[in-house]
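Chemist: Handing you this structure, nothing more for now.
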Amino acid sequence: MATESQLRTDIVEVGRRMYARGYTASNDGNISVRLDGGRLLMTPKNVCKGFMDPQMMCITDLDGKKLAGERDPSSEMQMHLEVYRQRPDVQAVVHAHPPVATAFAVAGIPLDRAVLAEVVTTLGSVPIADYATPSTKELPNAVSQYIKAHDGMLLANHGALTVGTDLFSAYFKMETIEHFANISFVARMLGGERLLSRDEVLRLQGLRGMYGIAAPAPICADPALAGPGDGTASAGQADCQVVFAPVSRERLVRSADEEIRLTYGELTALIEDAVKQLK
């Protein structure tokens, strides 16, 4: 197990990477990690994550009481505490505002299509938690909807949240979400994604064990199967990772909302014909 000194250094490094990649601006974002069964090490309020030093960090208990540190803990501490309450397996939490992923969150578009095999096997899907006012009790309530089943999620009109078995695991999932968002955006601009079939998604889920991926919940490639499952999720909580994948004998299938392309002349002709029909 890493020492407190090492964890302080690791938080500084994760913050530096987030700032360098543009995942945070100014004082955005927050990072936390378990020190032991009853204490957390956390970034403080009002500090740029790209310019931290190890001594800035705060230590709190699992109720949010500050135990050590000159500065106060992050204003979004309650969101972190909710994650640790819901997920005893989670050792670290990272929150940031990666631009493209956050744009999907602002547009209300979850990253839940079966597009990339690597994302399906690791994260499953990336849902959007309901909008909640930052730094209020609404935010942990919104996060609790999905945290039992997901290691990463978008926060509506806010940013993204990832968790992991250590600081770098949580951070790398943030990289994966932003990478996935970039690819999804460009693919849609090019006319739409080709989706992995439902059978292929289930095949990829079967590979998780071989890859040593300990996902918090199974994939439900059929959204109709989402809902109360084995009783481990409370009312209103997701208990599987909903991945939208079409039923097909082919492994790759064009998405149903594929872009229709017309030349200027073809569009003009269609409009003129529509106007004639109205006369």
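Ordered as shown in the structure tokens, chains take letters A, B, and onward, while each chain numbers its residues from 1 and ligands are numbered from 1 in the order shown.
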To test your reading of the structure, identify every residue in segment 20-73 of chain A that backbone DSSP assigns to strand (DSSP E), and report it as a PyMOL selection string.

Modeler: chain A and resi 30-34+39-42+58-61+66-68

Chemist: Those same residues, written as a CSV table (one decimal), in the first residue's frame with all heavy atoms?

Modeler:
```
chain,number,residue,atom,x,y,z
A,30,ASN,N,-11.4,18.2,-8.8
A,30,ASN,CA,-10.9,17.8,-7.5
A,30,ASN,C,-10.5,16.3,-7.5
A,30,ASN,O,-11.0,15.6,-8.4
A,30,ASN,CB,-12.0,18.1,-6.4
A,30,ASN,CG,-13.4,18.0,-7.0
A,30,ASN,OD1,-14.0,17.0,-7.2
A,30,ASN,ND2,-14.0,19.2,-7.2
A,31,ILE,N,-9.7,15.9,-6.6
A,31,ILE,CA,-9.1,14.6,-6.6
A,31,ILE,C,-9.1,14.1,-5.1
A,31,ILE,O,-8.8,14.9,-4.2
A,31,ILE,CB,-7.7,14.6,-7.1
A,31,ILE,CG1,-7.6,15.3,-8.5
A,31,ILE,CG2,-7.1,13.2,-7.1
A,31,ILE,CD1,-6.2,15.7,-8.9
A,32,SER,N,-9.4,12.8,-4.9
A,32,SER,CA,-9.3,12.3,-3.6
A,32,SER,C,-8.8,10.8,-3.6
A,32,SER,O,-9.0,10.2,-4.7
A,32,SER,CB,-10.6,12.4,-2.8
A,32,SER,OG,-11.6,11.5,-3.4
A,33,VAL,N,-8.3,10.3,-2.5
A,33,VAL,CA,-7.8,8.9,-2.4
A,33,VAL,C,-8.0,8.5,-1.0
A,33,VAL,O,-7.9,9.3,0.0
A,33,VAL,CB,-6.4,8.8,-2.9
A,33,VAL,CG1,-5.4,9.6,-2.0
A,33,VAL,CG2,-5.9,7.4,-3.0
A,34,ARG,N,-8.2,7.2,-0.8
A,34,ARG,CA,-8.3,6.7,0.6
A,34,ARG,C,-6.9,6.6,1.2
A,34,ARG,O,-6.0,6.0,0.5
A,34,ARG,CB,-8.9,5.3,0.6
A,34,ARG,CG,-10.4,5.2,0.3
A,34,ARG,CD,-10.9,3.8,0.5
A,34,ARG,NE,-12.2,3.5,-0.1
A,34,ARG,CZ,-13.4,3.6,0.5
A,34,ARG,NH1,-13.4,4.0,1.8
A,34,ARG,NH2,-14.5,3.4,-0.1
A,39,ARG,N,-10.0,7.4,6.6
A,39,ARG,CA,-9.5,8.7,6.2
A,39,ARG,C,-9.3,8.8,4.7
A,39,ARG,O,-9.0,7.9,4.0
A,39,ARG,CB,-8.2,9.0,6.9
A,39,ARG,CG,-8.3,9.0,8.5
A,39,ARG,CD,-6.9,9.3,9.1
A,39,ARG,NE,-5.9,8.4,8.6
A,39,ARG,CZ,-4.6,8.8,8.5
A,39,ARG,NH1,-4.2,10.0,8.8
A,39,ARG,NH2,-3.7,7.9,8.0
A,40,LEU,N,-9.5,10.1,4.3
A,40,LEU,CA,-9.3,10.4,2.8
A,40,LEU,C,-8.3,11.5,2.7
A,40,LEU,O,-8.2,12.4,3.6
A,40,LEU,CB,-10.6,10.9,2.2
A,40,LEU,CG,-11.8,10.0,2.3
A,40,LEU,CD1,-13.0,10.7,1.7
A,40,LEU,CD2,-11.6,8.7,1.5
A,41,LEU,N,-7.5,11.5,1.7
A,41,LEU,CA,-6.6,12.6,1.3
A,41,LEU,C,-7.2,13.3,0.1
A,41,LEU,O,-7.6,12.6,-0.9
A,41,LEU,CB,-5.2,12.0,1.0
A,41,LEU,CG,-4.1,13.1,0.7
A,41,LEU,CD1,-3.8,13.8,2.0
A,41,LEU,CD2,-2.8,12.3,0.2
A,42,MET,N,-7.3,14.6,0.2
A,42,MET,CA,-8.1,15.3,-0.8
A,42,MET,C,-7.5,16.7,-1.2
A,42,MET,O,-6.9,17.3,-0.4
A,42,MET,CB,-9.6,15.5,-0.3
A,42,MET,CG,-10.6,16.1,-1.2
A,42,MET,SD,-12.2,16.2,-0.4
A,42,MET,CE,-12.5,14.5,0.1
A,58,CYS,N,-5.6,18.0,2.1
A,58,CYS,CA,-6.3,18.0,3.3
A,58,CYS,C,-6.6,16.5,3.7
A,58,CYS,O,-6.7,15.7,2.8
A,58,CYS,CB,-7.7,18.6,3.2
A,58,CYS,SG,-7.6,20.3,2.6
A,59,ILE,N,-6.8,16.2,4.9
A,59,ILE,CA,-7.2,14.9,5.4
A,59,ILE,C,-8.5,15.0,6.0
A,59,ILE,O,-8.7,15.9,6.9
A,59,ILE,CB,-6.2,14.2,6.3
A,59,ILE,CG1,-4.8,14.0,5.6
A,59,ILE,CG2,-6.7,12.9,6.9
A,59,ILE,CD1,-3.7,13.5,6.6
A,60,THR,N,-9.5,14.2,5.6
A,60,THR,CA,-10.8,14.2,6.2
A,60,THR,C,-11.2,12.8,6.7
A,60,THR,O,-10.6,11.8,6.2
A,60,THR,CB,-11.9,14.7,5.3
A,60,THR,OG1,-12.2,13.7,4.3
A,60,THR,CG2,-11.5,16.0,4.6
A,61,ASP,N,-12.3,12.7,7.5
A,61,ASP,CA,-12.8,11.4,7.7
A,61,ASP,C,-13.9,11.1,6.7
A,61,ASP,O,-14.2,12.0,5.8
A,61,ASP,CB,-13.3,11.3,9.2
A,61,ASP,CG,-14.5,12.2,9.5
A,61,ASP,OD1,-15.1,12.7,8.6
A,61,ASP,OD2,-14.7,12.4,10.7
A,66,LYS,N,-12.7,17.7,8.7
A,66,LYS,CA,-11.3,17.9,8.4
A,66,LYS,C,-10.5,17.4,9.6
A,66,LYS,O,-10.7,17.9,10.7
A,66,LYS,CB,-11.0,19.3,8.1
A,66,LYS,CG,-9.5,19.5,7.6
A,66,LYS,CD,-9.3,20.9,7.1
A,66,LYS,CE,-9.1,21.9,8.3
A,66,LYS,NZ,-8.6,23.2,7.8
A,67,LEU,N,-9.5,16.6,9.4
A,67,LEU,CA,-8.6,16.1,10.4
A,67,LEU,C,-7.2,16.7,10.4
A,67,LEU,O,-6.6,16.8,11.4
A,67,LEU,CB,-8.5,14.5,10.3
A,67,LEU,CG,-9.8,13.7,10.3
A,67,LEU,CD1,-9.5,12.3,10.1
A,67,LEU,CD2,-10.5,14.0,11.6
A,68,ALA,N,-6.8,17.2,9.2
A,68,ALA,CA,-5.5,17.8,9.1
A,68,ALA,C,-5.4,18.6,7.8
A,68,ALA,O,-6.1,18.3,6.8
A,68,ALA,CB,-4.4,16.7,9.1
```

Chemist: Which residues come within 10 Å of Ile128 of chain A, counting only C-alpha atoms, excluding same-chain residues fewer than 6 positions away, as a list in words?

Modeler: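 Close residues of Ile128 of chain A: Phe104, Ala105, Val106, Gly108, Ile109, Pro110, Leu111, Asp112, Ala142, Val143, Gln145, Tyr146, Gly152, Met153, Leu154, Leu155, Ala156, Asn157, Gly159 and Ala160 of chain A.
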
Chemist: So, counting only C-alpha atoms, which residue among A:Val94, A:Thr24, A:Thr102, A:Leu195 is closest to Glu250 of chain A?

Modeler: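 Residue with the minimum atom-to-atom distance to Glu250 of chain A: A:Leu195.
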
Chemist: Could you give me, as a list in words, each residue of segment 85-167 of chain A that DSSP assigns to alpha helix (DSSP H) when run on this structure's backbone?

Modeler: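 Filtering segment 85-167 of chain A down to alpha helix (DSSP H) leaves Arg85, Gln86, Pro99, Val100, Ala101, Thr102, Ala103, Phe104, Ala105, Val106, Ala107, Ala117, Glu118, Val119, Val120, Thr121, Thr122, Glu138, Leu139, Pro140, Asn141, Ala142, Val143 and Leu167 of chain A.
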
Chemist: Select, from A:Ser5, A:Thr43, A:Asn182, A:Gln241, the residue with the minimum atom-to-atom distance to Ile147 of chain A, counting only C-alpha atoms.

Modeler: A:Gln241

Chemist: May I ask which of the residues A:Gly50, A:Pro88, A:Pro99, A:Pro246 is the closest one to Pro216 of chain A, counting only C-alpha atoms?

Modeler: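 So, comparing all the options, the nearest one is A:Pro88.
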
Chemist: What is the distance, in Å and to one decimal place, between atom CA of Glu76 of chain A and atom CA of Ser184 of chain A?

Modeler: 28.8 Å

Chemist: Which one of A:Phe172, A:Tyr264, A:Ala149, A:Leu278 sits closest to Ile219 of chain A if you count only C-alpha atoms?

Modeler: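 Using only C-alpha atoms, the shortest distance to Ile219 of chain A belongs to A:Ala149.
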
Chemist: Give me the residues within 9 Å of Glu70 of chain A as a list in words, counting only C-alpha atoms and dropping any in the same chain fewer than 5 places off.

Modeler: Gln55, Met56, Met57 and Cys58 of chain A

Chemist: What separation in Å, quoted to one decimal, exists between atom CA of Thr136 of chain A and atom CA of Pro73 of chain A?

Modeler: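 Distance between the two atoms: 14.3 Å.
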
Chemist: Could you check how far atom CA of Ile177 of chain A sits from atom CA of Ser125 of chain A, in Å to one decimal?

Modeler: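 One can read the atom CA of Ile177 of chain A to atom CA of Ser125 of chain A distance as 9.5 Å.
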
Chemist: Under the rule that only C-alpha atoms are counted, which of A:Asp199, A:Asp10, A:Asp166, A:Glu82 is the nearest residue to Val253 of chain A?

Modeler: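 That would be A:Asp199, the residue with the smallest distance to Val253 of chain A.
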
Chemist: Quick one: residues within 10 Å of Val247 of chain A, only C-alpha atoms, excluding same-chain residues fewer than 6 positions away - as a ChimeraX atom specification?

Modeler: /A:196-200,221-222,253

Chemist: Which polymer residues have any atom within 9 Å of an atom of Lys148 of chain A, counting only C-alpha atoms, with same-chain residues fewer than 5 positions away left out, as a list in words?

Modeler: Val83, Gln86, Arg87, Pro216, Ala217, Thr232, Ala233, Gln237, Ala238, Asp239 and Cys240 of chain A

Chemist: Please, could you write that set of residues out with all heavy atoms as a PDB file, in the first residue's frame?

Modeler:
```
ATOM      1  N   VAL A  83     -19.438   8.597  -3.176  1.00  0.00           N
ATOM      2  CA  VAL A  83     -18.816   7.506  -3.932  1.00  0.00           C
ATOM      3  C   VAL A  83     -18.213   6.480  -2.978  1.00  0.00           C
ATOM      4  O   VAL A  83     -18.442   5.265  -3.116  1.00  0.00           O
ATOM      5  CB  VAL A  83     -17.725   8.035  -4.890  1.00  0.00           C
ATOM      6  CG1 VAL A  83     -16.951   6.870  -5.513  1.00  0.00           C
ATOM      7  CG2 VAL A  83     -18.339   8.912  -5.976  1.00  0.00           C
ATOM      8  N   GLN A  86     -20.874   4.385  -1.284  1.00  0.00           N
ATOM      9  CA  GLN A  86     -21.565   3.441  -2.155  1.00  0.00           C
ATOM     10  C   GLN A  86     -20.648   2.337  -2.684  1.00  0.00           C
ATOM     11  O   GLN A  86     -21.109   1.236  -2.985  1.00  0.00           O
ATOM     12  CB  GLN A  86     -22.163   4.190  -3.355  1.00  0.00           C
ATOM     13  CG  GLN A  86     -23.251   5.182  -3.019  1.00  0.00           C
ATOM     14  CD  GLN A  86     -24.567   4.532  -2.677  1.00  0.00           C
ATOM     15  OE1 GLN A  86     -24.799   3.362  -2.972  1.00  0.00           O
ATOM     16  NE2 GLN A  86     -25.447   5.286  -2.026  1.00  0.00           N
ATOM     17  N   ARG A  87     -19.350   2.645  -2.789  1.00  0.00           N
ATOM     18  CA  ARG A  87     -18.419   1.711  -3.433  1.00  0.00           C
ATOM     19  C   ARG A  87     -17.202   1.449  -2.531  1.00  0.00           C
ATOM     20  O   ARG A  87     -16.156   2.105  -2.668  1.00  0.00           O
ATOM     21  CB  ARG A  87     -17.960   2.285  -4.778  1.00  0.00           C
ATOM     22  CG  ARG A  87     -19.050   2.392  -5.851  1.00  0.00           C
ATOM     23  CD  ARG A  87     -19.291   1.050  -6.536  1.00  0.00           C
ATOM     24  NE  ARG A  87     -18.075   0.555  -7.132  1.00  0.00           N
ATOM     25  CZ  ARG A  87     -17.614   0.921  -8.348  1.00  0.00           C
ATOM     26  NH1 ARG A  87     -18.289   1.782  -9.072  1.00  0.00           N
ATOM     27  NH2 ARG A  87     -16.507   0.386  -8.830  1.00  0.00           N
ATOM     28  N   PRO A 216     -17.786  -3.061 -12.118  1.00  0.00           N
ATOM     29  CA  PRO A 216     -18.713  -3.042 -10.988  1.00  0.00           C
ATOM     30  C   PRO A 216     -20.070  -3.670 -11.280  1.00  0.00           C
ATOM     31  O   PRO A 216     -20.811  -3.999 -10.349  1.00  0.00           O
ATOM     32  CB  PRO A 216     -18.859  -1.552 -10.677  1.00  0.00           C
ATOM     33  CG  PRO A 216     -18.582  -0.875 -11.982  1.00  0.00           C
ATOM     34  CD  PRO A 216     -17.529  -1.715 -12.652  1.00  0.00           C
ATOM     35  N   ALA A 217     -20.408  -3.835 -12.570  1.00  0.00           N
ATOM     36  CA  ALA A 217     -21.715  -4.390 -12.946  1.00  0.00           C
ATOM     37  C   ALA A 217     -21.619  -4.954 -14.356  1.00  0.00           C
ATOM     38  O   ALA A 217     -20.756  -4.564 -15.139  1.00  0.00           O
ATOM     39  CB  ALA A 217     -22.798  -3.317 -12.879  1.00  0.00           C
ATOM     40  N   THR A 232     -28.791  -5.783  -5.301  1.00  0.00           N
ATOM     41  CA  THR A 232     -27.653  -5.047  -4.740  1.00  0.00           C
ATOM     42  C   THR A 232     -27.801  -3.549  -4.946  1.00  0.00           C
ATOM     43  O   THR A 232     -27.168  -2.768  -4.255  1.00  0.00           O
ATOM     44  CB  THR A 232     -26.336  -5.516  -5.387  1.00  0.00           C
ATOM     45  OG1 THR A 232     -26.421  -5.323  -6.804  1.00  0.00           O
ATOM     46  CG2 THR A 232     -26.093  -6.993  -5.098  1.00  0.00           C
ATOM     47  N   ALA A 233     -28.621  -3.140  -5.911  1.00  0.00           N
ATOM     48  CA  ALA A 233     -28.835  -1.713  -6.159  1.00  0.00           C
ATOM     49  C   ALA A 233     -30.127  -1.258  -5.492  1.00  0.00           C
ATOM     50  O   ALA A 233     -31.135  -1.952  -5.511  1.00  0.00           O
ATOM     51  CB  ALA A 233     -28.890  -1.435  -7.661  1.00  0.00           C
ATOM     52  N   GLN A 237     -31.363   3.316  -8.542  1.00  0.00           N
ATOM     53  CA  GLN A 237     -29.970   3.136  -8.930  1.00  0.00           C
ATOM     54  C   GLN A 237     -29.861   2.158 -10.091  1.00  0.00           C
ATOM     55  O   GLN A 237     -30.574   1.155 -10.136  1.00  0.00           O
ATOM     56  CB  GLN A 237     -29.140   2.609  -7.758  1.00  0.00           C
ATOM     57  CG  GLN A 237     -28.905   3.616  -6.649  1.00  0.00           C
ATOM     58  CD  GLN A 237     -28.002   3.046  -5.583  1.00  0.00           C
ATOM     59  OE1 GLN A 237     -28.117   1.892  -5.197  1.00  0.00           O
ATOM     60  NE2 GLN A 237     -27.086   3.868  -5.095  1.00  0.00           N
ATOM     61  N   ALA A 238     -28.951   2.450 -11.013  1.00  0.00           N
ATOM     62  CA  ALA A 238     -28.674   1.524 -12.105  1.00  0.00           C
ATOM     63  C   ALA A 238     -27.966   0.296 -11.555  1.00  0.00           C
ATOM     64  O   ALA A 238     -27.137   0.396 -10.658  1.00  0.00           O
ATOM     65  CB  ALA A 238     -27.802   2.208 -13.151  1.00  0.00           C
ATOM     66  N   ASP A 239     -28.316  -0.883 -12.093  1.00  0.00           N
ATOM     67  CA  ASP A 239     -27.632  -2.099 -11.637  1.00  0.00           C
ATOM     68  C   ASP A 239     -26.951  -2.833 -12.777  1.00  0.00           C
ATOM     69  O   ASP A 239     -26.490  -3.955 -12.607  1.00  0.00           O
ATOM     70  CB  ASP A 239     -28.596  -3.032 -10.893  1.00  0.00           C
ATOM     71  CG  ASP A 239     -29.740  -3.515 -11.765  1.00  0.00           C
ATOM     72  OD1 ASP A 239     -29.812  -3.097 -12.946  1.00  0.00           O
ATOM     73  OD2 ASP A 239     -30.563  -4.307 -11.278  1.00  0.00           O
ATOM     74  N   CYS A 240     -26.904  -2.202 -13.956  1.00  0.00           N
ATOM     75  CA  CYS A 240     -26.130  -2.745 -15.069  1.00  0.00           C
ATOM     76  C   CYS A 240     -25.706  -1.592 -15.967  1.00  0.00           C
ATOM     77  O   CYS A 240     -26.215  -0.479 -15.841  1.00  0.00           O
ATOM     78  CB  CYS A 240     -26.918  -3.799 -15.845  1.00  0.00           C
ATOM     79  SG  CYS A 240     -28.348  -3.159 -16.745  1.00  0.00           S
TER      80      CYS A 240
END
```
